[in-house]
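Participant: Structure in structure tokens, see below.
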Amino acid sequence: RRLGVPFFDLDELIEAAEGMPVREIFAEKGEPHFRRRESDLLRSTQHLEHGVIATGGGTFTFEENIQFVLAHGISVYLQAPLPLVMKRVGAKAAERPMFRDEIAVRDLYQYRLRYYKMADVTLDIREEESVAEIVERMILQLPRELLGSWFRRPGQIG
């Protein structure tokens, strides 16, 4: 909302399209089905002139998704240390199919880092920051030429 453009959570789009939570999609239809839907829905955003798309943790680890994102938008990696990721996921860990146990999460985190580092912008997340504070820092860090004409400060018209 702060950027004044539509916001989409890719996992929520998948859940709406499938009529079930992500963990059930993984359990009933498998990860390959989920990843196909994820890629298809990501591509369906191509027609959007402006918008913010929150991807799941695995989206940016597939070459076709990486190339799509890099070609059609600005990718931002919100870099957080693993303990902070675990703390923020907290009680919702049971809803995340890739969060089976601490060792699996650590391995997955390490595996995904190499892909995340391909993002256009990396923003280090601090434990004490709220989502609103993270968004404000992200706006300040993103190069104006990447943001283009849709970036507006409060009260600015045009």
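Naming scheme: A, B, ... for chains in displayed order of the structure tokens; residues 1 onward per chain; ligands 1 onward as shown.
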Could you build a table of the residues in segment 25-85 of chain A lying no more than 7 Å from segment 8-13 of chain A, giving for each the nearest pair of atoms and their separation in Å rounded to one decimal place, using only C-alpha atoms, ordered by chain and ascending residue number, as a Markdown table?

Facilitator:
```
| residue | atom | partner | partner_atom | distance |
| --- | --- | --- | --- | --- |
| A:Val52 | CA | A:Phe8 | CA | 6.2 |
| A:Ile53 | CA | A:Phe8 | CA | 4.8 |
| A:Ala54 | CA | A:Asp9 | CA | 4.7 |
| A:Thr55 | CA | A:Leu10 | CA | 5.2 |
| A:Gly56 | CA | A:Asp11 | CA | 6.2 |
```

Participant: Deliver the residues from the most recent selection as a file, using N, CA and C atoms, as a short mmCIF file (atom, residue, chain, number, x, y, z; two decimals), in the first residue's frame.

Facilitator:
```
data_model
loop_
_atom_site.label_atom_id
_atom_site.label_comp_id
_atom_site.auth_asym_id
_atom_site.auth_seq_id
_atom_site.Cartn_x
_atom_site.Cartn_y
_atom_site.Cartn_z
N VAL A 52 3.40 -5.18 -6.64
CA VAL A 52 4.37 -5.86 -5.79
C VAL A 52 3.89 -7.29 -5.64
N ILE A 53 4.78 -8.23 -5.88
CA ILE A 53 4.43 -9.65 -5.76
C ILE A 53 5.33 -10.27 -4.71
N ALA A 54 4.73 -10.73 -3.63
CA ALA A 54 5.48 -11.46 -2.60
C ALA A 54 5.51 -12.92 -3.02
N THR A 55 6.70 -13.43 -3.25
CA THR A 55 6.82 -14.83 -3.68
C THR A 55 7.09 -15.71 -2.47
N GLY A 56 6.84 -16.98 -2.62
CA GLY A 56 7.23 -17.93 -1.59
C GLY A 56 8.74 -18.12 -1.63
#
```

Participant: Just list as a list in words whatever in chain A DSSP marks as strand (DSSP E).

Facilitator: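 Strand (DSSP E) assignments inside chain A correspond to Phe7, Phe8, Asp9, Val52, Ile53, Ala54, Val76, Tyr77, Leu78, Gln79, Val121, Thr122, Leu123 and Asp124 of chain A.
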
Participant: Can I get the selected residues back with N, CA and C atoms, as a PDB file, in the first residue's frame?

Facilitator:
```pdb
ATOM      1  N   PHE A   7      -0.805  -5.148  -4.428  1.00  0.00           N
ATOM      2  CA  PHE A   7       0.059  -6.118  -3.755  1.00  0.00           C
ATOM      3  C   PHE A   7      -0.553  -7.500  -3.921  1.00  0.00           C
ATOM      4  N   PHE A   8       0.285  -8.471  -4.296  1.00  0.00           N
ATOM      5  CA  PHE A   8      -0.163  -9.851  -4.458  1.00  0.00           C
ATOM      6  C   PHE A   8       0.784 -10.776  -3.712  1.00  0.00           C
ATOM      7  N   ASP A   9       0.220 -11.704  -2.965  1.00  0.00           N
ATOM      8  CA  ASP A   9       1.003 -12.750  -2.312  1.00  0.00           C
ATOM      9  C   ASP A   9       0.820 -14.003  -3.162  1.00  0.00           C
ATOM     10  N   VAL A  52       3.399  -5.175  -6.637  1.00  0.00           N
ATOM     11  CA  VAL A  52       4.374  -5.857  -5.791  1.00  0.00           C
ATOM     12  C   VAL A  52       3.889  -7.287  -5.636  1.00  0.00           C
ATOM     13  N   ILE A  53       4.781  -8.235  -5.881  1.00  0.00           N
ATOM     14  CA  ILE A  53       4.432  -9.647  -5.763  1.00  0.00           C
ATOM     15  C   ILE A  53       5.334 -10.275  -4.715  1.00  0.00           C
ATOM     16  N   ALA A  54       4.732 -10.735  -3.627  1.00  0.00           N
ATOM     17  CA  ALA A  54       5.480 -11.458  -2.596  1.00  0.00           C
ATOM     18  C   ALA A  54       5.507 -12.918  -3.023  1.00  0.00           C
ATOM     19  N   VAL A  76      13.761  -8.068  -4.936  1.00  0.00           N
ATOM     20  CA  VAL A  76      14.310  -7.621  -3.654  1.00  0.00           C
ATOM     21  C   VAL A  76      14.416  -8.835  -2.742  1.00  0.00           C
ATOM     22  N   TYR A  77      15.613  -9.098  -2.270  1.00  0.00           N
ATOM     23  CA  TYR A  77      15.843 -10.189  -1.321  1.00  0.00           C
ATOM     24  C   TYR A  77      15.873  -9.591   0.072  1.00  0.00           C
ATOM     25  N   LEU A  78      14.939  -9.987   0.904  1.00  0.00           N
ATOM     26  CA  LEU A  78      14.906  -9.562   2.300  1.00  0.00           C
ATOM     27  C   LEU A  78      15.760 -10.553   3.081  1.00  0.00           C
ATOM     28  N   GLN A  79      16.997 -10.183   3.304  1.00  0.00           N
ATOM     29  CA  GLN A  79      17.983 -11.082   3.915  1.00  0.00           C
ATOM     30  C   GLN A  79      17.872 -11.040   5.434  1.00  0.00           C
ATOM     31  N   VAL A 121      18.255  -6.223  -5.606  1.00  0.00           N
ATOM     32  CA  VAL A 121      18.517  -5.477  -4.378  1.00  0.00           C
ATOM     33  C   VAL A 121      18.456  -6.440  -3.199  1.00  0.00           C
ATOM     34  N   THR A 122      19.392  -6.302  -2.272  1.00  0.00           N
ATOM     35  CA  THR A 122      19.370  -7.076  -1.030  1.00  0.00           C
ATOM     36  C   THR A 122      19.175  -6.106   0.125  1.00  0.00           C
ATOM     37  N   LEU A 123      18.228  -6.409   0.979  1.00  0.00           N
ATOM     38  CA  LEU A 123      17.942  -5.571   2.134  1.00  0.00           C
ATOM     39  C   LEU A 123      18.102  -6.422   3.387  1.00  0.00           C
ATOM     40  N   ASP A 124      19.058  -6.068   4.235  1.00  0.00           N
ATOM     41  CA  ASP A 124      19.271  -6.796   5.487  1.00  0.00           C
ATOM     42  C   ASP A 124      18.161  -6.451   6.471  1.00  0.00           C
TER      43      ASP A 124
END
```

Participant: Show me, as a PyMOL selection string, the residues that have an atom within 8 Å of Ile14 of chain A when counting only C-alpha atoms, minus same-chain residues fewer than 6 positions from it.

Facilitator: chain A and resi 22+37-38+41

Participant: Store the residues of this selection in a file with C-alpha atoms, as a PDB file, in the first residue's frame.

Facilitator:
```
ATOM      1  CA  VAL A  22      -0.338 -24.664   0.448  1.00  0.00           C
ATOM      2  CA  ARG A  37       1.005 -23.530 -10.471  1.00  0.00           C
ATOM      3  CA  GLU A  38       3.448 -21.127  -8.856  1.00  0.00           C
ATOM      4  CA  LEU A  41       0.535 -17.701 -11.665  1.00  0.00           C
TER       5      LEU A  41
END
```

Participant: For Gly58 of chain A, which residue among A:Met118, A:Leu108, A:Val131, A:Ile74 is the nearest when counting only C-alpha atoms?

Facilitator: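 Closest to Gly58 of chain A, using only C-alpha atoms: A:Leu108.
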
Participant: List the neighbours of Arg36 of chain A out to 12 Å using only C-alpha atoms; skip same-chain residues closer than 4 positions along the sequence, and give me the result as a PyMOL selection string.

Facilitator: chain A and resi 14+25-26+29-32+40-43+58-59+62+64-65

Participant: Grab the residues selected above and save them as a PDB file, in the first residue's frame with C-alpha atoms.

Facilitator:
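The file below, part23.pdb, is the result:
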```pdb
ATOM      1  CA  ILE A  14      -2.178 -20.343  -5.447  1.00  0.00           C
ATOM      2  CA  ILE A  25      -1.541 -28.842  -2.057  1.00  0.00           C
ATOM      3  CA  PHE A  26       1.875 -30.307  -1.209  1.00  0.00           C
ATOM      4  CA  LYS A  29      -0.927 -33.007  -5.268  1.00  0.00           C
ATOM      5  CA  GLY A  30       2.795 -32.882  -4.566  1.00  0.00           C
ATOM      6  CA  GLU A  31       5.500 -30.269  -4.822  1.00  0.00           C
ATOM      7  CA  PRO A  32       5.868 -30.536  -8.645  1.00  0.00           C
ATOM      8  CA  ASP A  40       2.000 -20.215 -14.103  1.00  0.00           C
ATOM      9  CA  LEU A  41       0.535 -17.701 -11.665  1.00  0.00           C
ATOM     10  CA  LEU A  42       3.772 -15.739 -11.549  1.00  0.00           C
ATOM     11  CA  ARG A  43       3.653 -15.474 -15.349  1.00  0.00           C
ATOM     12  CA  GLY A  58      11.148 -21.441  -3.321  1.00  0.00           C
ATOM     13  CA  THR A  59       9.879 -19.336  -6.227  1.00  0.00           C
ATOM     14  CA  PHE A  62      13.852 -22.075 -10.294  1.00  0.00           C
ATOM     15  CA  GLU A  64      12.484 -19.954 -15.332  1.00  0.00           C
ATOM     16  CA  ASN A  65      11.100 -17.927 -12.414  1.00  0.00           C
TER      17      ASN A  65
END
```

Participant: Excluding same-chain residues fewer than 5 positions from Ser75 of chain A, what lies within 7 Å of it counting only C-alpha atoms, as a VMD selection string?

Facilitator: chain A and resid 69 to 70 119 to 121

Participant: Just give me the gap between atom CA of Glu24 of chain A and atom CA of Arg114 of chain A in Å, one decimal is fine.

Facilitator: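 Atom-to-atom, atom CA of Glu24 of chain A and atom CA of Arg114 of chain A are spaced 28.1 Å apart.
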
Participant: May I ask which of the residues A:Ala16, A:Val105, A:Val5, A:Leu48 is the closest one to Val89 of chain A, counting only C-alpha atoms?

Facilitator: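 Selected residue with least distance to Val89 of chain A: A:Val105.
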
Participant: Pick out the closest residue to Leu142 of chain A from this set: A:His72, A:Leu3, A:Glu15, A:Ile66. Count only C-alpha atoms.

Facilitator: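 So, comparing all the options, the nearest one is A:Leu3.
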
Participant: Could you name the residues that touch Ala132 of chain A at 12 Å or less, counting only C-alpha atoms, but leaving out those on the same chain fewer than 4 positions away, as a list in words?

Facilitator: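 In the requested format, the answer is Arg1, Arg2, Leu3, Ile125, Glu128, Glu136, Arg137, Met138 and Ile139 of chain A.
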
Participant: Looking at A:Gly19, A:Arg35, A:Leu84, A:Gly57, which one is nearest to Glu127 of chain A, with distances taken over only C-alpha atoms?

Facilitator: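 Ranked by minimum distance to Glu127 of chain A, first place goes to A:Leu84.
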
Participant: Record the distance separating atom CA of Pro83 of chain A and atom CA of Ala104 of chain A, expressed in Å with one decimal.

Facilitator: 13.7 Å

Participant: DSSP says alpha helix (DSSP H) for which residues of segment 10-149 of chain A? Put them as an NGL selection string?

Facilitator: :A and (10-18 or 22-29 or 31-43 or 63-72 or 82-89 or 102-116 or 131-141 or 144-147)

Participant: Could you check the closest approach to Glu63 of chain A for each of A:Tyr115, A:Arg96, A:Phe34, A:Lys87 and tell me which residue wins, using only C-alpha atoms?

Facilitator: A:Tyr115

Participant: Any idea what the distance is between atom CA of Val135 of chain A and atom CA of Pro6 of chain A?

Facilitator: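 One can read the atom CA of Val135 of chain A to atom CA of Pro6 of chain A distance as 14.4 Å.
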
Participant: Go through A:Ala27, A:Glu133, A:Glu18, A:Pro81 and flag the residue nearest Tyr109 of chain A, using only C-alpha atoms for the distances.

Facilitator: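 Under the stated criterion, the closest residue is A:Pro81.
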